[in-house]
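Everything on this sheet refers to the single structure shown next.
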Amino acid sequence: FGLEYDLDVYMIVAVNDFNMGAMENKGLNIFNSKYVLASPETATDSDFLGVEAVIAHEYFHNWTGNRVTCRDWFQLTLKEGLTVFRDQQFTADQTSAAVKRIDDVVALRSRQFAEDNGPMAHPIRPESYIAMDNFYTATVYNKGAEVIRMYHTLLGADGFRRGIDLYFQRHDGNAVTCDDFRAAMGDANNRDFAAFERWYSQAGTPDLQVDEEWDQAAGRYTLTCTQSYPPLPKSIPGVADRKPVPLPIAVGLIDREGKEITAAFDGDPQQEKGLLLLTESQQSYVLNGLTEKPLASVLRSFSAPVRLKMARDESELAFLMAHDGDAFNRWDAGQTLATRLMLSFAAQPSAPDPQDGSLNSFLDAFGKQLEDKNLDGSYRALLLTLPNESMLGQEMDVIDPDSIYRAREFLRSQIADRHHDALYSLYETLAANASANNEQESINRRRLKNTALSYLAISPLAEARSLLANQFVKSDNMTDMQAALMLLANIGGDECESALAKFYDQWHHDPLVLDKWFAVQAASKRDDTIDRVTKLTTHRDFNLRNPNRVRSLLQTFSINQVRFHAADGSGYKLLTDFILSIDGDNPQLAARLVSQMNGYRRFEVVRQKLMREQLERIAGSAIVSRDLGEIVERALQF
């Protein structure tokens with residue numbers, strides 16, 4: 001955006017013990033060592049991307065946060081949402097825009113959507129707080145970035161740049177508000193963004209229902225878009241009297257041969273750019289003069305942070321997986337099909353039928369993605385990766401971790417069985433032409449190779465262990481070594497224990513790499529994971545006062561949807577024991593850890609009761625910090 005850094009030297013300090021990723025102090029940025037120290041021997045491809053993104057984020061804060069800063073803490077998203085958007089754009093330019101967009105939406109759906117549907121739901125500009133630290137949230141950061149992205153979508157790159165230029169022209173050197181940013185965007189483009197204020201003051205994720213109607217005789221196609229909010233307690237700020245918000249809905253139309261149809265819906269000039277703007281609770285958009293019903297690709301590039309609800313049959317989703325010209329929607333069609341399939345399996349009282357027609361349709365579509373050599377490796381890897389357990393749980397009325405895990409593992413096993421030879425061939429080809437460098441093509445190849453390996457790890461046990469142990473021993477980079485170690489940790493055996501011991505012996509002197517050793521064990525799907533985590537809390541290298549070490553073990557365990565949610569509640573008790581131990585020294589960290597139990601009311605009745613007991617145990621403790629107390633109180637009152 002033409003914003004030159006205004007100091008002669010860019011100074012940083014790296015800190016091993018730090019709660020945040022980094023901090024943008026003017027003239028001396030503070031970084032968690034995790035986000036600034038890296039080498040190919042010690043850091044994975046994801047680590048390098050994280051370092052690059054966090055450094056970019058703090059560097060960009062020099063203008064969006066320092067030279068123009070917040071009038072008060074309630075305006076936190078003014079600098080954080082905008083700067084997250086800037087670092088997202090930077091990474092998209094440096095790597096792959098499609099892959100980056102998918103990664104960002106996965107993070108949004110996994111974390112922020114859950115936050116928006118729980119006791120800590122709040123607008124991106126909260127109106128009150130007890131502990132401000134609790135509002136460094138996915139809502140303020142990630143949803144805040146999506147709001148900024150909507151300005152960019154509606155105005156285009158040039159219009160957004162005009163708004164940014166006017167914003168700094170008006171406010172350089174000042175402490176301002178979200179309203180000042182919104183006014184600059186509108187004034188620079190002669191647009192009225194008054195209704196956008198609702199995005200800042202309302203809590204919750206809107207549902208977007210899209211219905212279609214086709215009149216063959218008239219050649220008329222109609223899309224009807226309806227927005228609404230799922231219910232939340234009225235006591236949550238930003239819930240009462242919610243009104244429709246402006247929703248930019250990017251739409252493409254595809255004919256039966258997979259080609260784009262160039263046409264504009266009647267009465268909406270924005271549709272000339274493939275963009276509808278929904279401003280009311282419900283609006284309809286009509287397209288005339290067609291000879292066949294088009295297939296609509298809706299919400300391209302995830303143009304608004306909503307839950308899309310649209311009736312699609314399997315054949316339509318499979319067609320979009322193969323032909324959608326929008327990379328995000330092509331991926332999302334596959335995710336929708338996989339989610340639908342796994343939820344149907346999860347609802348069945350008995351084992352799914354391997355001859356199920358829907359299953360076989362999905363496996364056929366998966367095979368076509370697997371064989372598509374025209375796609376870069378990172379994007380192809382995303383197409384071949386199933387939705388995670390957390391995202392599946394969000395689609396259930398009552399979350400049952402056991403049924404989700406069984407359903408997902410069944411589908412993974414069917415993929416591995418049906419496509420074993422193709423997966424093995426792909427893995428062998430990529431492994432034979434591997435390079436340890438950090439060029440984008442090498443990163444793409446590693447990402448695809450290790451995705452194939454994750455399915456091959458479901459092969460007969462002896463074959464899988466040999467394959468994984470071979471990659472671990474021969475790895476010349478941390479990405480491949482960690483991928484093999486994680487998969488070995490899931491299946492156990494002598495090869496696993498040998499690899500864990502060798503990894504520790506080689507890297508115990510390096511704190512950041514040792515964090516990975518703790519994390520792969522905490523993430524394991526094995527039955528004995530909780531016993532192993534408990535034992536690791538007494539390990540000589542575990543330090544309860546080091547946030548990175550705590551996150552690597554306890555936070556990783558808390559997002560292990562299979563073992564954290566053990567039916568006997570042992571996972572909840574273990575986490576609570578350490579939350580209470582941590583709270584006196586590090587309330588911020590304790591508050592972040594307890595958030596994993598915020599959504600307890602959405603779980604089946606046994607786990608709901610067990611989580612609530614631990615929350616009540618915290619609430620009844622003699623001394624509880626403001627940070628921890630606020631979150632626990634809101635969870636219990638939800």
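Naming works like this for the structure tokens: A, B, ... for the chains as they're shown, residue 1 at the start of each chain, ligands 1 onward in shown order.
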Could you give me, as a Markdown table, a per-residue list for region 275-324 of chain A showing, wherever an atom lies at most 10 Å from an atom of region 354-369 of chain A, the closest pair of atoms and their distance in Å to one decimal, using only C-alpha atoms and sorting by chain then residue number from low to high?
| residue | atom | partner | partner_atom | distance |
| --- | --- | --- | --- | --- |
| A:Glu314 | CA | A:Ser358 | CA | 7.5 |
| A:Ser315 | CA | A:Ser361 | CA | 8.4 |
| A:Leu317 | CA | A:Ala365 | CA | 9.6 |
| A:Ala318 | CA | A:Ala365 | CA | 6.3 |
| A:Phe319 | CA | A:Ala365 | CA | 8.9 |
| A:Met321 | CA | A:Ala365 | CA | 7.6 |
| A:Ala322 | CA | A:Gln369 | CA | 7.7 |
Close residues, Lys100 (chain A) itself excluded, 12 Å, only C-alpha atoms, min 3 positions apart in chain, as a list of chain:residue names =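 Skipping anything fewer than 3 positions along the chain leaves A:Ser46, A:Leu49, A:Gly50, A:Ala53, A:Phe85, A:Asp87, A:Gln88, A:Gln89, A:Phe90, A:Thr91, A:Ala92, A:Asp93, A:Gln94, A:Thr95, A:Ser96, A:Ala97, A:Asp103, A:Asp104, A:Val105, A:Val106, A:Ala107, A:Ser301, A:Ala327, A:Phe328, A:Ser378, A:Tyr379, A:Leu382.
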Suppose we keep N, CA, C and O atoms; can you now write the selection as an mmCIF file, in the first residue's frame?
data_model
loop_
_atom_site.group_PDB
_atom_site.id
_atom_site.type_symbol
_atom_site.label_atom_id
_atom_site.label_comp_id
_atom_site.auth_asym_id
_atom_site.auth_seq_id
_atom_site.Cartn_x
_atom_site.Cartn_y
_atom_site.Cartn_z
ATOM 1 N N SER A 46 5.695 -25.270 7.510
ATOM 2 C CA SER A 46 4.682 -24.465 8.196
ATOM 3 C C SER A 46 5.318 -23.473 9.153
ATOM 4 O O SER A 46 4.836 -22.338 9.299
ATOM 5 N N LEU A 49 6.570 -20.541 7.088
ATOM 6 C CA LEU A 49 5.451 -19.687 6.678
ATOM 7 C C LEU A 49 4.952 -18.866 7.860
ATOM 8 O O LEU A 49 4.593 -17.689 7.714
ATOM 9 N N GLY A 50 4.924 -19.487 9.042
ATOM 10 C CA GLY A 50 4.511 -18.760 10.238
ATOM 11 C C GLY A 50 5.458 -17.631 10.583
ATOM 12 O O GLY A 50 5.031 -16.527 10.929
ATOM 13 N N ALA A 53 4.923 -14.819 8.055
ATOM 14 C CA ALA A 53 3.651 -14.116 8.257
ATOM 15 C C ALA A 53 3.683 -13.244 9.508
ATOM 16 O O ALA A 53 3.180 -12.111 9.499
ATOM 17 N N PHE A 85 -5.451 -8.911 7.824
ATOM 18 C CA PHE A 85 -5.773 -8.887 6.390
ATOM 19 C C PHE A 85 -4.534 -8.569 5.565
ATOM 20 O O PHE A 85 -4.277 -9.204 4.536
ATOM 21 N N ASP A 87 -1.356 -9.119 6.366
ATOM 22 C CA ASP A 87 -0.395 -10.224 6.333
ATOM 23 C C ASP A 87 -0.943 -11.401 5.517
ATOM 24 O O ASP A 87 -0.189 -12.143 4.891
ATOM 25 N N GLN A 88 -2.269 -11.575 5.494
ATOM 26 C CA GLN A 88 -2.862 -12.605 4.636
ATOM 27 C C GLN A 88 -2.603 -12.295 3.162
ATOM 28 O O GLN A 88 -2.251 -13.190 2.375
ATOM 29 N N GLN A 89 -2.775 -11.048 2.785
ATOM 30 C CA GLN A 89 -2.535 -10.655 1.394
ATOM 31 C C GLN A 89 -1.060 -10.847 1.022
ATOM 32 O O GLN A 89 -0.736 -11.276 -0.085
ATOM 33 N N PHE A 90 -0.187 -10.526 1.970
ATOM 34 C CA PHE A 90 1.245 -10.685 1.740
ATOM 35 C C PHE A 90 1.585 -12.152 1.485
ATOM 36 O O PHE A 90 2.272 -12.497 0.516
ATOM 37 N N THR A 91 1.105 -13.045 2.354
ATOM 38 C CA THR A 91 1.396 -14.468 2.184
ATOM 39 C C THR A 91 0.785 -14.999 0.894
ATOM 40 O O THR A 91 1.392 -15.821 0.199
ATOM 41 N N ALA A 92 -0.408 -14.535 0.551
ATOM 42 C CA ALA A 92 -1.038 -14.952 -0.708
ATOM 43 C C ALA A 92 -0.173 -14.562 -1.902
ATOM 44 O O ALA A 92 -0.034 -15.325 -2.863
ATOM 45 N N ASP A 93 0.416 -13.371 -1.841
ATOM 46 C CA ASP A 93 1.292 -12.918 -2.933
ATOM 47 C C ASP A 93 2.597 -13.715 -2.971
ATOM 48 O O ASP A 93 3.127 -13.999 -4.042
ATOM 49 N N GLN A 94 3.111 -14.070 -1.803
ATOM 50 C CA GLN A 94 4.392 -14.763 -1.728
ATOM 51 C C GLN A 94 4.289 -16.248 -2.069
ATOM 52 O O GLN A 94 5.253 -16.866 -2.502
ATOM 53 N N THR A 95 3.104 -16.831 -1.836
ATOM 54 C CA THR A 95 2.949 -18.273 -2.031
ATOM 55 C C THR A 95 1.856 -18.556 -3.056
ATOM 56 O O THR A 95 2.036 -18.318 -4.236
ATOM 57 N N SER A 96 0.727 -19.060 -2.601
ATOM 58 C CA SER A 96 -0.409 -19.362 -3.476
ATOM 59 C C SER A 96 -1.653 -18.728 -2.880
ATOM 60 O O SER A 96 -2.005 -18.998 -1.733
ATOM 61 N N ALA A 97 -2.318 -17.881 -3.660
ATOM 62 C CA ALA A 97 -3.519 -17.201 -3.156
ATOM 63 C C ALA A 97 -4.603 -18.211 -2.796
ATOM 64 O O ALA A 97 -5.302 -18.063 -1.783
ATOM 65 N N ASP A 103 -6.464 -22.081 3.758
ATOM 66 C CA ASP A 103 -5.891 -22.194 5.101
ATOM 67 C C ASP A 103 -6.546 -21.204 6.064
ATOM 68 O O ASP A 103 -6.848 -21.544 7.224
ATOM 69 N N ASP A 104 -6.777 -19.980 5.602
ATOM 70 C CA ASP A 104 -7.382 -18.963 6.464
ATOM 71 C C ASP A 104 -8.826 -19.311 6.806
ATOM 72 O O ASP A 104 -9.277 -19.098 7.940
ATOM 73 N N VAL A 105 -9.562 -19.840 5.841
ATOM 74 C CA VAL A 105 -10.962 -20.190 6.104
ATOM 75 C C VAL A 105 -11.057 -21.408 7.021
ATOM 76 O O VAL A 105 -11.943 -21.476 7.879
ATOM 77 N N VAL A 106 -10.151 -22.361 6.866
ATOM 78 C CA VAL A 106 -10.134 -23.502 7.787
ATOM 79 C C VAL A 106 -9.922 -23.016 9.215
ATOM 80 O O VAL A 106 -10.608 -23.457 10.160
ATOM 81 N N ALA A 107 -8.987 -22.098 9.406
ATOM 82 C CA ALA A 107 -8.748 -21.538 10.744
ATOM 83 C C ALA A 107 -9.975 -20.796 11.255
ATOM 84 O O ALA A 107 -10.354 -20.922 12.430
ATOM 85 N N SER A 301 -14.437 -17.719 -3.271
ATOM 86 C CA SER A 301 -13.343 -17.191 -2.437
ATOM 87 C C SER A 301 -13.805 -16.879 -1.027
ATOM 88 O O SER A 301 -13.171 -16.112 -0.314
ATOM 89 N N ALA A 327 -10.995 -21.732 -7.191
ATOM 90 C CA ALA A 327 -10.218 -22.746 -6.467
ATOM 91 C C ALA A 327 -10.787 -23.015 -5.079
ATOM 92 O O ALA A 327 -10.809 -24.168 -4.626
ATOM 93 N N PHE A 328 -11.265 -21.966 -4.411
ATOM 94 C CA PHE A 328 -11.822 -22.178 -3.088
ATOM 95 C C PHE A 328 -13.078 -23.031 -3.160
ATOM 96 O O PHE A 328 -13.241 -23.990 -2.395
ATOM 97 N N SER A 378 0.534 -28.245 -3.098
ATOM 98 C CA SER A 378 -0.105 -27.777 -1.870
ATOM 99 C C SER A 378 -1.617 -27.745 -2.021
ATOM 100 O O SER A 378 -2.356 -28.153 -1.112
ATOM 101 N N TYR A 379 -2.099 -27.262 -3.163
ATOM 102 C CA TYR A 379 -3.537 -27.208 -3.391
ATOM 103 C C TYR A 379 -4.109 -28.622 -3.515
ATOM 104 O O TYR A 379 -5.166 -28.933 -2.955
ATOM 105 N N LEU A 382 -4.595 -30.175 -0.181
ATOM 106 C CA LEU A 382 -5.804 -29.695 0.493
ATOM 107 C C LEU A 382 -7.050 -30.384 -0.045
ATOM 108 O O LEU A 382 -7.966 -30.713 0.711
#
Exercise for review: Would you mind listing what lies within 12 Å of Asp17 (chain A) as a PyMOL selection string, with only C-alpha atoms counted and same-chain residues fewer than 3 positions away left out?
Suggested key: chain A and resi 13-14+20-22+30-34+511-512+543-551+586+589
Using only C-alpha atoms, determine which residues lie at most 12 Å from Leu155 (chain A), disregarding the query and same-chain residues fewer than 5 positions distant; provide the list as a list in words.
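Counting only C-alpha atoms, the residues come to Ile148, Arg149, Met150, Phe160, Arg161, Arg162, Gly163, Ile164, Met185, Gly186, Asp187, Ala188, Asn189, Asn190, Arg191, Asp192, Phe193, Pro248, Gln270, Lys273, Leu275 and Leu277 of chain A.
For the pair CA of Ala98 (chain A) and CA of Glu115 (chain A), the separation is 25.1 Å.
For Leu308 (chain A), the non-local neighbours within 12 Å, defined as residues at least 4 positions apart in the same chain or in other chains and counting only C-alpha atoms, are Arg109, Thr205, Pro206, Asp207, Leu208, Gln209, Val210, Asp211, Cys225, Thr226, Gln227, Ser228, Tyr229, Leu247, Ile249, Ser297, Val298, Leu299, Arg300, Phe302, Ser303, Ala304, Arg312, Asn329, Asp332, Ala333, Thr336 and Glu395 of chain A.
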Name the residues in contact with Glu441 (chain A) at a cut-off of 12 Å, using only C-alpha atoms, excluding same-chain residues fewer than 2 positions from it; report them as a ChimeraX atom specification. /A:45,95-96,375-379,430,433-439,443-448
**Request:** Kindly give the distance, in Å, that separates CA of Met342 (chain A) and CA of Ala407 (chain A), rounded to a single decimal.
**Result:**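 Taking CA of Met342 (chain A) and CA of Ala407 (chain A), their separation equals 5.4 Å.
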Gap from CA of Ile404 (chain A) to CA of Asn117 (chain A) - Å, one decimal: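 CA of Asn117 (chain A) lies at a distance of 19.5 Å from CA of Ile404 (chain A).
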TODO: Write down as a ChimeraX atom specification the residues belonging to region 152-285 of chain A that are assigned helix (DSSP H, G or I) by DSSP computed on the backbone.
DONE: /A:152-171,178-189,194-201,269-273
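Counting only C-alpha atoms and comparing A:Glu213, A:Glu613, A:Asp8, A:Glu633, the residue that lies closest to Pro119 (chain A) is A:Glu633.
Nearest to Ser498 (chain A) of all the residues A:Leu485, A:Arg380, A:Leu7, A:Tyr285 is A:Leu485, based on only C-alpha atoms.
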* To do: as a list in words, please: all residues of region 102-257 of chain A that backbone DSSP puts in strand (DSSP E).
  =>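 Residues meeting the strand (DSSP E) criterion: Ala175, Val176, Asp207, Leu208, Gln209, Val210, Asp211, Glu212, Glu213, Trp214, Asp215, Arg220, Tyr221, Thr222, Leu223, Thr224, Cys225, Thr226, Gln227, Ser228, Leu247, Pro248, Ile249, Ala250, Val251, Gly252, Leu253 and Ile254 of chain A.
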Write out, as a PDB file, in the first residue's frame, the residues just selected, with C-alpha atoms.
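What landed in selection.pdb:
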ATOM      1  CA  ALA A 175      -5.584   7.519  17.819  1.00  0.00           C
ATOM      2  CA  VAL A 176      -8.844   6.716  16.044  1.00  0.00           C
ATOM      3  CA  ASP A 207     -26.474 -18.202   8.201  1.00  0.00           C
ATOM      4  CA  LEU A 208     -26.832 -17.655   4.452  1.00  0.00           C
ATOM      5  CA  GLN A 209     -29.572 -19.776   2.899  1.00  0.00           C
ATOM      6  CA  VAL A 210     -29.471 -19.871  -0.909  1.00  0.00           C
ATOM      7  CA  ASP A 211     -32.388 -21.357  -2.862  1.00  0.00           C
ATOM      8  CA  GLU A 212     -32.651 -21.667  -6.621  1.00  0.00           C
ATOM      9  CA  GLU A 213     -35.612 -21.827  -9.015  1.00  0.00           C
ATOM     10  CA  TRP A 214     -35.492 -22.783 -12.680  1.00  0.00           C
ATOM     11  CA  ASP A 215     -38.279 -22.027 -15.190  1.00  0.00           C
ATOM     12  CA  ARG A 220     -35.430 -17.910 -16.200  1.00  0.00           C
ATOM     13  CA  TYR A 221     -33.117 -18.760 -13.315  1.00  0.00           C
ATOM     14  CA  THR A 222     -33.684 -17.220  -9.870  1.00  0.00           C
ATOM     15  CA  LEU A 223     -31.438 -17.222  -6.824  1.00  0.00           C
ATOM     16  CA  THR A 224     -33.068 -16.284  -3.512  1.00  0.00           C
ATOM     17  CA  CYS A 225     -30.681 -15.400  -0.691  1.00  0.00           C
ATOM     18  CA  THR A 226     -31.841 -15.279   2.932  1.00  0.00           C
ATOM     19  CA  GLN A 227     -29.736 -14.288   5.913  1.00  0.00           C
ATOM     20  CA  SER A 228     -30.477 -15.006   9.553  1.00  0.00           C
ATOM     21  CA  LEU A 247     -23.140  -9.586   2.530  1.00  0.00           C
ATOM     22  CA  PRO A 248     -21.076  -9.564  -0.674  1.00  0.00           C
ATOM     23  CA  ILE A 249     -21.878 -12.875  -2.377  1.00  0.00           C
ATOM     24  CA  ALA A 250     -19.522 -13.770  -5.217  1.00  0.00           C
ATOM     25  CA  VAL A 251     -21.345 -15.980  -7.709  1.00  0.00           C
ATOM     26  CA  GLY A 252     -20.263 -17.828 -10.827  1.00  0.00           C
ATOM     27  CA  LEU A 253     -22.457 -19.760 -13.233  1.00  0.00           C
ATOM     28  CA  ILE A 254     -21.314 -22.956 -14.932  1.00  0.00           C
TER      29      ILE A 254
END
Handout entry: Non-local contacts of region 524-527 of chain A (9 Å; only C-alpha atoms; under 6 positions in same chain excluded) as a PyMOL selection string
Key = chain A and resi 486-492+557+560-563
Restricting it to all heavy atoms, dump the selection as a tab-separated table (two decimals), in the first residue's frame.
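Saved as again39.tsv:
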chain	number	residue	atom	x	y	z
A	486	MET	N	4.84	-37.96	13.64
A	486	MET	CA	3.44	-37.81	14.04
A	486	MET	C	2.63	-39.05	13.70
A	486	MET	O	1.80	-39.51	14.49
A	486	MET	CB	2.83	-36.57	13.37
A	486	MET	CG	3.32	-35.25	13.91
A	486	MET	SD	2.56	-33.83	13.08
A	486	MET	CE	0.87	-34.00	13.61
A	487	LEU	N	2.85	-39.58	12.51
A	487	LEU	CA	2.11	-40.77	12.08
A	487	LEU	C	2.54	-42.00	12.87
A	487	LEU	O	1.71	-42.84	13.23
A	487	LEU	CB	2.28	-40.98	10.58
A	487	LEU	CG	1.65	-39.88	9.71
A	487	LEU	CD1	2.10	-40.00	8.26
A	487	LEU	CD2	0.12	-39.91	9.80
A	488	LEU	N	3.83	-42.11	13.17
A	488	LEU	CA	4.30	-43.20	14.02
A	488	LEU	C	3.68	-43.11	15.41
A	488	LEU	O	3.32	-44.13	16.02
A	488	LEU	CB	5.83	-43.18	14.12
A	488	LEU	CG	6.61	-43.76	12.95
A	488	LEU	CD1	8.09	-43.41	13.06
A	488	LEU	CD2	6.42	-45.28	12.87
A	489	ALA	N	3.56	-41.90	15.93
A	489	ALA	CA	2.98	-41.71	17.27
A	489	ALA	C	1.53	-42.17	17.32
A	489	ALA	O	1.03	-42.53	18.39
A	489	ALA	CB	3.09	-40.24	17.69
A	490	ASN	N	0.85	-42.18	16.18
A	490	ASN	CA	-0.54	-42.63	16.14
A	490	ASN	C	-0.66	-44.14	16.19
A	490	ASN	O	-1.68	-44.67	16.65
A	490	ASN	CB	-1.24	-42.12	14.87
A	490	ASN	CG	-1.71	-40.69	15.00
A	490	ASN	OD1	-1.91	-40.19	16.11
A	490	ASN	ND2	-1.89	-40.02	13.89
A	491	ILE	N	0.34	-44.85	15.67
A	491	ILE	CA	0.21	-46.31	15.59
A	491	ILE	C	1.07	-47.04	16.62
A	491	ILE	O	0.84	-48.21	16.90
A	491	ILE	CB	0.51	-46.83	14.17
A	491	ILE	CG1	1.94	-46.50	13.74
A	491	ILE	CG2	-0.48	-46.26	13.18
A	491	ILE	CD1	2.30	-47.03	12.37
A	492	GLY	N	2.07	-46.38	17.20
A	492	GLY	CA	2.87	-46.98	18.26
A	492	GLY	C	3.79	-48.08	17.77
A	492	GLY	O	4.09	-48.19	16.58
A	557	PHE	N	-2.85	-31.25	23.48
A	557	PHE	CA	-3.72	-32.31	23.99
A	557	PHE	C	-5.17	-31.84	24.04
A	557	PHE	O	-6.10	-32.59	23.71
A	557	PHE	CB	-3.26	-32.74	25.39
A	557	PHE	CG	-4.18	-33.73	26.04
A	557	PHE	CD1	-4.33	-35.00	25.52
A	557	PHE	CD2	-4.89	-33.37	27.18
A	557	PHE	CE1	-5.20	-35.92	26.12
A	557	PHE	CE2	-5.75	-34.27	27.78
A	557	PHE	CZ	-5.91	-35.55	27.25
A	560	ASN	N	-6.93	-32.27	20.86
A	560	ASN	CA	-6.98	-33.65	20.40
A	560	ASN	C	-8.40	-34.15	20.65
A	560	ASN	O	-8.73	-34.61	21.74
A	560	ASN	CB	-5.95	-34.49	21.16
A	560	ASN	CG	-5.92	-35.94	20.73
A	560	ASN	OD1	-6.87	-36.45	20.14
A	560	ASN	ND2	-4.83	-36.61	21.03
A	561	GLN	N	-9.26	-34.00	19.64
A	561	GLN	CA	-10.68	-34.25	19.83
A	561	GLN	C	-11.00	-35.68	20.26
A	561	GLN	O	-12.05	-35.94	20.84
A	561	GLN	CB	-11.43	-33.93	18.52
A	561	GLN	CG	-11.36	-32.48	18.10
A	561	GLN	CD	-12.08	-31.57	19.05
A	561	GLN	OE1	-13.26	-31.72	19.31
A	561	GLN	NE2	-11.36	-30.59	19.60
A	562	VAL	N	-10.10	-36.60	19.99
A	562	VAL	CA	-10.34	-38.00	20.31
A	562	VAL	C	-9.98	-38.31	21.76
A	562	VAL	O	-10.78	-38.88	22.50
A	562	VAL	CB	-9.53	-38.91	19.37
A	562	VAL	CG1	-9.83	-40.37	19.66
A	562	VAL	CG2	-9.83	-38.57	17.92
A	563	ARG	N	-8.80	-37.89	22.21
A	563	ARG	CA	-8.32	-38.30	23.53
A	563	ARG	C	-8.62	-37.28	24.63
A	563	ARG	O	-8.79	-37.65	25.78
A	563	ARG	CB	-6.82	-38.60	23.47
A	563	ARG	CG	-6.50	-39.74	22.52
A	563	ARG	CD	-7.31	-40.98	22.84
A	563	ARG	NE	-7.26	-41.98	21.77
A	563	ARG	CZ	-8.16	-42.94	21.61
A	563	ARG	NH1	-9.19	-43.03	22.43
A	563	ARG	NH2	-8.05	-43.80	20.61
